[in-house]
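**Q** Just one file: query-v8.cif, with mmCIF, C-alpha atoms; chains and numbers go by the auth columns.
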data_model
loop_
_atom_site.group_PDB
_atom_site.id
_atom_site.type_symbol
_atom_site.label_atom_id
_atom_site.label_comp_id
_atom_site.label_asym_id
_atom_site.label_seq_id
_atom_site.Cartn_x
_atom_site.Cartn_y
_atom_site.Cartn_z
_atom_site.B_iso_or_equiv
_atom_site.auth_seq_id
_atom_site.auth_asym_id
ATOM 1 C CA MET A 1 0.000 0.000 0.000 0.00 648 A
ATOM 2 C CA PRO A 2 1.251 3.516 -0.712 0.00 649 A
ATOM 3 C CA LYS A 3 2.283 5.752 2.170 0.00 650 A
ATOM 4 C CA VAL A 4 -0.794 7.895 2.874 0.00 651 A
ATOM 5 C CA GLU A 5 -0.657 11.405 4.283 0.00 652 A
ATOM 6 C CA VAL A 6 -3.453 13.903 4.938 0.00 653 A
ATOM 7 C CA VAL A 7 -2.502 17.585 5.008 0.00 654 A
ATOM 8 C CA ARG A 8 -4.480 20.771 5.479 0.00 655 A
ATOM 9 C CA ALA A 9 -5.068 22.576 2.178 0.00 656 A
ATOM 10 C CA GLU A 10 -3.716 26.108 2.278 0.00 657 A
ATOM 11 C CA LEU A 11 -5.568 28.995 0.660 0.00 658 A
ATOM 12 C CA ASP A 12 -3.221 28.941 -2.329 0.00 659 A
ATOM 13 C CA GLN A 13 -4.370 25.313 -2.902 0.00 660 A
ATOM 14 C CA ARG A 14 -8.028 26.321 -3.214 0.00 661 A
ATOM 15 C CA GLU A 15 -7.897 25.857 -6.989 0.00 662 A
ATOM 16 C CA THR A 16 -6.511 22.335 -6.482 0.00 663 A
ATOM 17 C CA ILE A 17 -9.557 21.459 -4.379 0.00 664 A
ATOM 18 C CA ALA A 18 -11.845 23.119 -6.954 0.00 665 A
ATOM 19 C CA ASN A 19 -10.256 21.019 -9.715 0.00 666 A
ATOM 20 C CA LEU A 20 -10.595 17.812 -7.690 0.00 667 A
ATOM 21 C CA LEU A 21 -14.230 18.706 -7.061 0.00 668 A
ATOM 22 C CA GLN A 22 -14.786 18.500 -10.824 0.00 669 A
ATOM 23 C CA LEU A 23 -13.604 14.871 -10.794 0.00 670 A
ATOM 24 C CA TYR A 24 -15.618 14.149 -7.646 0.00 671 A
ATOM 25 C CA THR A 25 -18.766 15.652 -9.151 0.00 672 A
ATOM 26 C CA HIS A 26 -18.275 13.633 -12.323 0.00 673 A
ATOM 27 C CA ASP A 27 -18.041 10.403 -10.321 0.00 674 A
ATOM 28 C CA PHE A 28 -20.905 11.382 -8.035 0.00 675 A
ATOM 29 C CA SER A 29 -23.241 12.458 -10.852 0.00 676 A
ATOM 30 C CA ASP A 30 -24.248 8.799 -11.290 0.00 677 A
ATOM 31 C CA TYR A 31 -26.198 9.166 -8.047 0.00 678 A
ATOM 32 C CA TRP A 32 -27.931 12.403 -9.097 0.00 679 A
ATOM 33 C CA ILE A 33 -29.846 11.097 -12.106 0.00 680 A
ATOM 34 C CA GLY A 34 -33.243 12.773 -12.015 0.00 681 A
ATOM 35 C CA LEU A 35 -32.095 15.384 -9.463 0.00 682 A
ATOM 36 C CA SER A 36 -31.016 19.006 -9.876 0.00 683 A
ATOM 37 C CA GLN A 37 -27.430 18.434 -8.655 0.00 684 A
ATOM 38 C CA GLY A 38 -24.534 17.761 -11.008 0.00 685 A
ATOM 39 C CA GLU A 39 -25.481 20.079 -13.861 0.00 686 A
ATOM 40 C CA LEU A 40 -22.892 21.266 -16.364 0.00 687 A
ATOM 41 C CA GLY A 41 -22.370 24.945 -17.029 0.00 688 A
ATOM 42 C CA GLU A 42 -22.143 26.302 -20.558 0.00 689 A
ATOM 43 C CA ASP A 43 -18.345 26.131 -20.268 0.00 690 A
ATOM 44 C CA GLY A 44 -18.543 22.332 -19.969 0.00 691 A
ATOM 45 C CA ARG A 45 -17.535 22.281 -16.317 0.00 692 A
ATOM 46 C CA PHE A 46 -19.718 21.275 -13.410 0.00 693 A
ATOM 47 C CA LEU A 47 -21.177 24.194 -11.515 0.00 694 A
ATOM 48 C CA PRO A 48 -18.917 25.435 -8.702 0.00 695 A
ATOM 49 C CA TYR A 49 -19.126 23.826 -5.285 0.00 696 A
ATOM 50 C CA PRO A 50 -21.173 26.094 -3.030 0.00 697 A
ATOM 51 C CA HIS A 51 -19.404 27.513 0.000 0.00 698 A
ATOM 52 C CA LEU A 52 -15.941 26.279 -1.036 0.00 699 A
ATOM 53 C CA ASP A 53 -14.344 29.539 0.092 0.00 700 A
ATOM 54 C CA SER A 54 -15.777 29.054 3.589 0.00 701 A
ATOM 55 C CA TYR A 55 -13.315 26.196 4.132 0.00 702 A
ATOM 56 C CA TRP A 56 -10.601 28.839 4.492 0.00 703 A
ATOM 57 C CA THR A 57 -12.624 31.476 6.361 0.00 704 A
ATOM 58 C CA GLU A 58 -14.749 29.564 8.892 0.00 705 A
ATOM 59 C CA PRO A 59 -12.993 27.850 11.816 0.00 706 A
ATOM 60 C CA ASP A 60 -15.343 24.826 11.880 0.00 707 A
ATOM 61 C CA ARG A 61 -14.513 23.863 8.266 0.00 708 A
ATOM 62 C CA GLN A 62 -11.375 22.149 7.022 0.00 709 A
ATOM 63 C CA ALA A 63 -10.178 21.414 3.494 0.00 710 A
ATOM 64 C CA LEU A 64 -7.710 18.532 3.381 0.00 711 A
ATOM 65 C CA LEU A 65 -5.536 17.027 0.662 0.00 712 A
ATOM 66 C CA ILE A 66 -4.831 13.309 0.510 0.00 713 A
ATOM 67 C CA ARG A 67 -1.418 12.222 -0.749 0.00 714 A
ATOM 68 C CA ALA A 68 -0.212 8.728 -1.635 0.00 715 A
ATOM 69 C CA ASP A 69 3.553 8.263 -1.867 0.00 716 A
ATOM 70 C CA ASP A 70 3.831 12.075 -1.923 0.00 717 A
ATOM 71 C CA LYS A 71 1.503 12.351 -4.951 0.00 718 A
ATOM 72 C CA LEU A 72 -1.858 14.077 -4.890 0.00 719 A
ATOM 73 C CA ALA A 73 -4.529 11.372 -4.556 0.00 720 A
ATOM 74 C CA GLY A 74 -7.689 13.133 -3.351 0.00 721 A
ATOM 75 C CA PHE A 75 -9.296 15.491 -0.879 0.00 722 A
ATOM 76 C CA ALA A 76 -11.726 15.708 2.017 0.00 723 A
ATOM 77 C CA LEU A 77 -13.928 18.493 3.317 0.00 724 A
ATOM 78 C CA VAL A 78 -14.796 18.326 7.013 0.00 725 A
ATOM 79 C CA ASN A 79 -17.385 20.533 8.685 0.00 726 A
ATOM 80 C CA THR A 80 -19.932 20.381 11.509 0.00 727 A
ATOM 81 C CA PHE A 81 -23.186 20.114 9.541 0.00 728 A
ATOM 82 C CA ALA A 82 -25.005 16.984 10.721 0.00 729 A
ATOM 83 C CA HIS A 83 -27.441 15.547 8.200 0.00 730 A
ATOM 84 C CA SER A 84 -29.047 13.690 11.089 0.00 731 A
ATOM 85 C CA GLY A 85 -30.099 16.981 12.660 0.00 732 A
ATOM 86 C CA LEU A 86 -28.420 15.863 15.891 0.00 733 A
ATOM 87 C CA PRO A 87 -25.410 17.539 17.534 0.00 734 A
ATOM 88 C CA ALA A 88 -22.075 16.624 15.965 0.00 735 A
ATOM 89 C CA ASP A 89 -18.522 17.854 16.331 0.00 736 A
ATOM 90 C CA PHE A 90 -17.558 16.738 12.822 0.00 737 A
ATOM 91 C CA SER A 91 -19.089 15.663 9.560 0.00 738 A
ATOM 92 C CA MET A 92 -17.382 14.315 6.444 0.00 739 A
ATOM 93 C CA ALA A 93 -18.898 16.757 3.960 0.00 740 A
ATOM 94 C CA GLU A 94 -17.046 15.388 0.926 0.00 741 A
ATOM 95 C CA PHE A 95 -14.427 12.683 0.443 0.00 742 A
ATOM 96 C CA PHE A 96 -12.708 11.776 -2.818 0.00 743 A
ATOM 97 C CA VAL A 97 -9.874 9.481 -3.845 0.00 744 A
ATOM 98 C CA ALA A 98 -8.821 9.406 -7.505 0.00 745 A
ATOM 99 C CA ARG A 99 -9.647 6.139 -9.249 0.00 746 A
ATOM 100 C CA LYS A 100 -5.955 5.260 -9.659 0.00 747 A
ATOM 101 C CA TYR A 101 -5.631 5.041 -5.862 0.00 748 A
ATOM 102 C CA ARG A 102 -8.865 3.231 -5.075 0.00 749 A
ATOM 103 C CA ARG A 103 -8.854 -0.342 -3.773 0.00 750 A
ATOM 104 C CA LEU A 104 -5.287 0.118 -2.516 0.00 751 A
ATOM 105 C CA GLY A 105 -6.252 1.113 1.024 0.00 752 A
ATOM 106 C CA VAL A 106 -5.571 4.815 0.383 0.00 753 A
ATOM 107 C CA GLY A 107 -9.142 5.889 1.124 0.00 754 A
ATOM 108 C CA GLN A 108 -9.383 3.788 4.270 0.00 755 A
ATOM 109 C CA ALA A 109 -6.056 5.029 5.605 0.00 756 A
ATOM 110 C CA ALA A 110 -6.924 8.658 4.848 0.00 757 A
ATOM 111 C CA ALA A 111 -10.425 8.464 6.367 0.00 758 A
ATOM 112 C CA VAL A 112 -9.119 6.786 9.523 0.00 759 A
ATOM 113 C CA GLU A 113 -6.357 9.400 9.849 0.00 760 A
ATOM 114 C CA ILE A 114 -8.835 12.260 9.414 0.00 761 A
ATOM 115 C CA ILE A 115 -11.263 10.901 11.996 0.00 762 A
ATOM 116 C CA ARG A 116 -8.675 9.869 14.583 0.00 763 A
ATOM 117 C CA ALA A 117 -7.101 13.343 14.397 0.00 764 A
ATOM 118 C CA ARG A 118 -10.495 14.863 15.308 0.00 765 A
ATOM 119 C CA PRO A 119 -11.888 13.175 18.404 0.00 766 A
ATOM 120 C CA GLY A 120 -15.554 13.736 19.113 0.00 767 A
ATOM 121 C CA GLN A 121 -19.024 13.020 17.754 0.00 768 A
ATOM 122 C CA TRP A 122 -19.041 12.230 14.029 0.00 769 A
ATOM 123 C CA ASP A 123 -21.946 12.245 11.587 0.00 770 A
ATOM 124 C CA ILE A 124 -21.190 10.623 8.213 0.00 771 A
ATOM 125 C CA ALA A 125 -23.944 10.626 5.600 0.00 772 A
ATOM 126 C CA VAL A 126 -23.952 8.327 2.562 0.00 773 A
ATOM 127 C CA THR A 127 -26.526 9.019 -0.128 0.00 774 A
ATOM 128 C CA ARG A 128 -29.048 6.247 -0.650 0.00 775 A
ATOM 129 C CA ARG A 129 -27.923 5.493 -4.213 0.00 776 A
ATOM 130 C CA ASN A 130 -24.211 5.231 -3.367 0.00 777 A
ATOM 131 C CA ASP A 131 -24.183 1.517 -2.531 0.00 778 A
ATOM 132 C CA PRO A 132 -20.412 1.070 -3.090 0.00 779 A
ATOM 133 C CA ALA A 133 -19.636 3.655 -0.381 0.00 780 A
ATOM 134 C CA LYS A 134 -21.756 2.064 2.340 0.00 781 A
ATOM 135 C CA PRO A 135 -19.397 -0.827 3.222 0.00 782 A
ATOM 136 C CA PHE A 136 -16.421 1.523 2.994 0.00 783 A
ATOM 137 C CA TRP A 137 -17.873 3.999 5.525 0.00 784 A
ATOM 138 C CA ARG A 138 -19.188 1.218 7.772 0.00 785 A
ATOM 139 C CA TRP A 139 -15.646 -0.183 7.927 0.00 786 A
ATOM 140 C CA VAL A 140 -14.140 3.245 8.646 0.00 787 A
ATOM 141 C CA ALA A 141 -16.713 3.974 11.364 0.00 788 A
ATOM 142 C CA ALA A 142 -16.135 0.594 13.018 0.00 789 A
ATOM 143 C CA ALA A 143 -12.343 1.110 12.870 0.00 790 A
ATOM 144 C CA THR A 144 -12.501 4.521 14.543 0.00 791 A
ATOM 145 C CA ALA A 145 -15.548 4.363 16.828 0.00 792 A
ATOM 146 C CA VAL A 146 -15.393 4.142 20.580 0.00 793 A
ATOM 147 C CA GLY A 147 -18.526 2.510 21.972 0.00 794 A
ATOM 148 C CA GLY A 148 -20.202 1.410 18.766 0.00 795 A
ATOM 149 C CA VAL A 149 -21.744 2.900 15.652 0.00 796 A
ATOM 150 C CA GLU A 150 -25.344 4.032 15.321 0.00 797 A
ATOM 151 C CA GLU A 151 -26.834 3.525 11.854 0.00 798 A
ATOM 152 C CA ARG A 152 -29.772 5.694 10.872 0.00 799 A
ATOM 153 C CA ASP A 153 -31.847 5.490 7.696 0.00 800 A
ATOM 154 C CA HIS A 154 -33.013 8.999 6.830 0.00 801 A
ATOM 155 C CA ASP A 155 -35.478 10.161 4.222 0.00 802 A
ATOM 156 C CA ASP A 156 -36.284 13.765 5.064 0.00 803 A
ATOM 157 C CA GLU A 157 -35.407 17.330 4.056 0.00 804 A
ATOM 158 C CA LEU A 158 -31.894 16.999 5.525 0.00 805 A
ATOM 159 C CA TRP A 159 -30.849 13.709 3.946 0.00 806 A
ATOM 160 C CA ASN A 160 -31.928 10.650 1.981 0.00 807 A
ATOM 161 C CA GLY A 161 -29.807 7.668 2.901 0.00 808 A
ATOM 162 C CA LEU A 162 -27.555 6.134 5.511 0.00 809 A
ATOM 163 C CA ILE A 163 -26.143 8.160 8.389 0.00 810 A
ATOM 164 C CA LEU A 164 -23.439 6.727 10.628 0.00 811 A
ATOM 165 C CA ARG A 165 -23.052 8.350 14.045 0.00 812 A
ATOM 166 C CA PHE A 166 -20.217 7.521 16.404 0.00 813 A
ATOM 167 C CA ARG A 167 -17.644 8.950 18.754 0.00 814 A
ATOM 168 C CA SER A 168 -13.953 8.811 17.964 0.00 815 A
ATOM 169 C CA ALA A 169 -11.173 9.066 20.503 0.00 816 A
#
Please express what this file holds, its structure, as structure tokens.

**A**
Amino acid sequence: MPKVEVVRAELDQRETIANLLQLYTHDFSDYWIGLSQGELGEDGRFLPYPHLDSYWTEPDRQALLIRADDKLAGFALVNTFAHSGLPADFSMAEFFVARKYRRLGVGQAAAVEIIRARPGQWDIAVTRRNDPAKPFWRWVAAATAVGGVEERDHDDELWNGLILRFRSA
């Protein structure tokens, strides 16, 4: 497995995150068929990610870069918005690993590192249609949880899909 490192994205790396969000949105658009998300602009690019700039201006938001063997491999956005509507210290807003680095343990190592570095109550939401992500996030939650993982099935104005709630130490 490659050596995995997660580093905070600096403001001058905002465009790197924005570029990676294009790849993420492309991959994720499979789950938005029939929904308003994932539309292309007239320039052929996906519409910009809302609130991206807030990851460098608001203290409860963090933009992170994932590296594998010192090469850029993905990103994560962490905030405090809980799709469950319950109190949470952290939420995995977005998480992306480039296809080249998938199934090598890069995503698991990065997710575990991110969560273990931020002890507290976590809320991780997985959209209903994203079946491949469910076992991944269940594994990550089980590997980092202290005292078990609560699974919730939501279908309301906040979220449609699986929500994993747990405490990390």

**Q** Show me the residues close to (-21.8, 18.3, 15.3) - anything with an atom within 9 Å, counting only C-alpha atoms - and format the list as an MDAnalysis selection string.

**A** chainID A and resid 726:729 732:738 767:770

**Q** Once the PyMOL selection byres ((chain A and resi 697-711) around 6) has been evaluated on this model, what residues remain selected, and can you format them as a ChimeraX atom specification?

**A** /A:654-656,696,712,722-726

**Q** When you count only C-alpha atoms, which of these residues is closest to Leu682 in chain A: A:Gly754, A:Ala745, A:Trp786, A:Arg776?

**A**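 Of A:Gly754, A:Ala745, A:Trp786, A:Arg776, the one nearest Leu682 in chain A is A:Arg776, counting only C-alpha atoms.
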
**Q** Which one of A:Leu719, A:Phe742, A:Ala792, A:Ile810 sits closest to Asp674 in chain A if you count all atoms listed in the file?

**A**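 For Asp674 in chain A, the nearest of the given residues is A:Phe742.
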
**Q** What does the PyMOL selection byres ((chain A and resi 675) around 12) select in this file, as a list in words?

**A** Leu668, Gln669, Leu670, Tyr671, Thr672, His673, Asp674, Ser676, Asp677, Tyr678, Trp679, Ile680, Leu682, Gln684, Gly685, Glu686, Phe693, Glu741, Phe742, Phe743, Val744, Val773, Thr774, Arg776, Asn777, Asp778, Pro779 and Ala780 of chain A

**Q** Could you save the residues just selected, with C-alpha atoms, as a tab-separated table (two decimals), in the frame of the given file?

**A**
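To be explicit, this is the file written out as again29.tsv:
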chain	number	residue	atom	x	y	z
A	668	LEU	CA	-14.23	18.71	-7.06
A	669	GLN	CA	-14.79	18.50	-10.82
A	670	LEU	CA	-13.60	14.87	-10.79
A	671	TYR	CA	-15.62	14.15	-7.65
A	672	THR	CA	-18.77	15.65	-9.15
A	673	HIS	CA	-18.27	13.63	-12.32
A	674	ASP	CA	-18.04	10.40	-10.32
A	676	SER	CA	-23.24	12.46	-10.85
A	677	ASP	CA	-24.25	8.80	-11.29
A	678	TYR	CA	-26.20	9.17	-8.05
A	679	TRP	CA	-27.93	12.40	-9.10
A	680	ILE	CA	-29.85	11.10	-12.11
A	682	LEU	CA	-32.10	15.38	-9.46
A	684	GLN	CA	-27.43	18.43	-8.65
A	685	GLY	CA	-24.53	17.76	-11.01
A	686	GLU	CA	-25.48	20.08	-13.86
A	693	PHE	CA	-19.72	21.28	-13.41
A	741	GLU	CA	-17.05	15.39	0.93
A	742	PHE	CA	-14.43	12.68	0.44
A	743	PHE	CA	-12.71	11.78	-2.82
A	744	VAL	CA	-9.87	9.48	-3.84
A	773	VAL	CA	-23.95	8.33	2.56
A	774	THR	CA	-26.53	9.02	-0.13
A	776	ARG	CA	-27.92	5.49	-4.21
A	777	ASN	CA	-24.21	5.23	-3.37
A	778	ASP	CA	-24.18	1.52	-2.53
A	779	PRO	CA	-20.41	1.07	-3.09
A	780	ALA	CA	-19.64	3.66	-0.38

**Q** Rounded to one decimal, what separation in Å do you get between CA of Ala665 in chain A and CA of Gly808 in chain A?

**A**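 Between CA of Ala665 in chain A and CA of Gly808 in chain A the gap works out to 25.7 Å.
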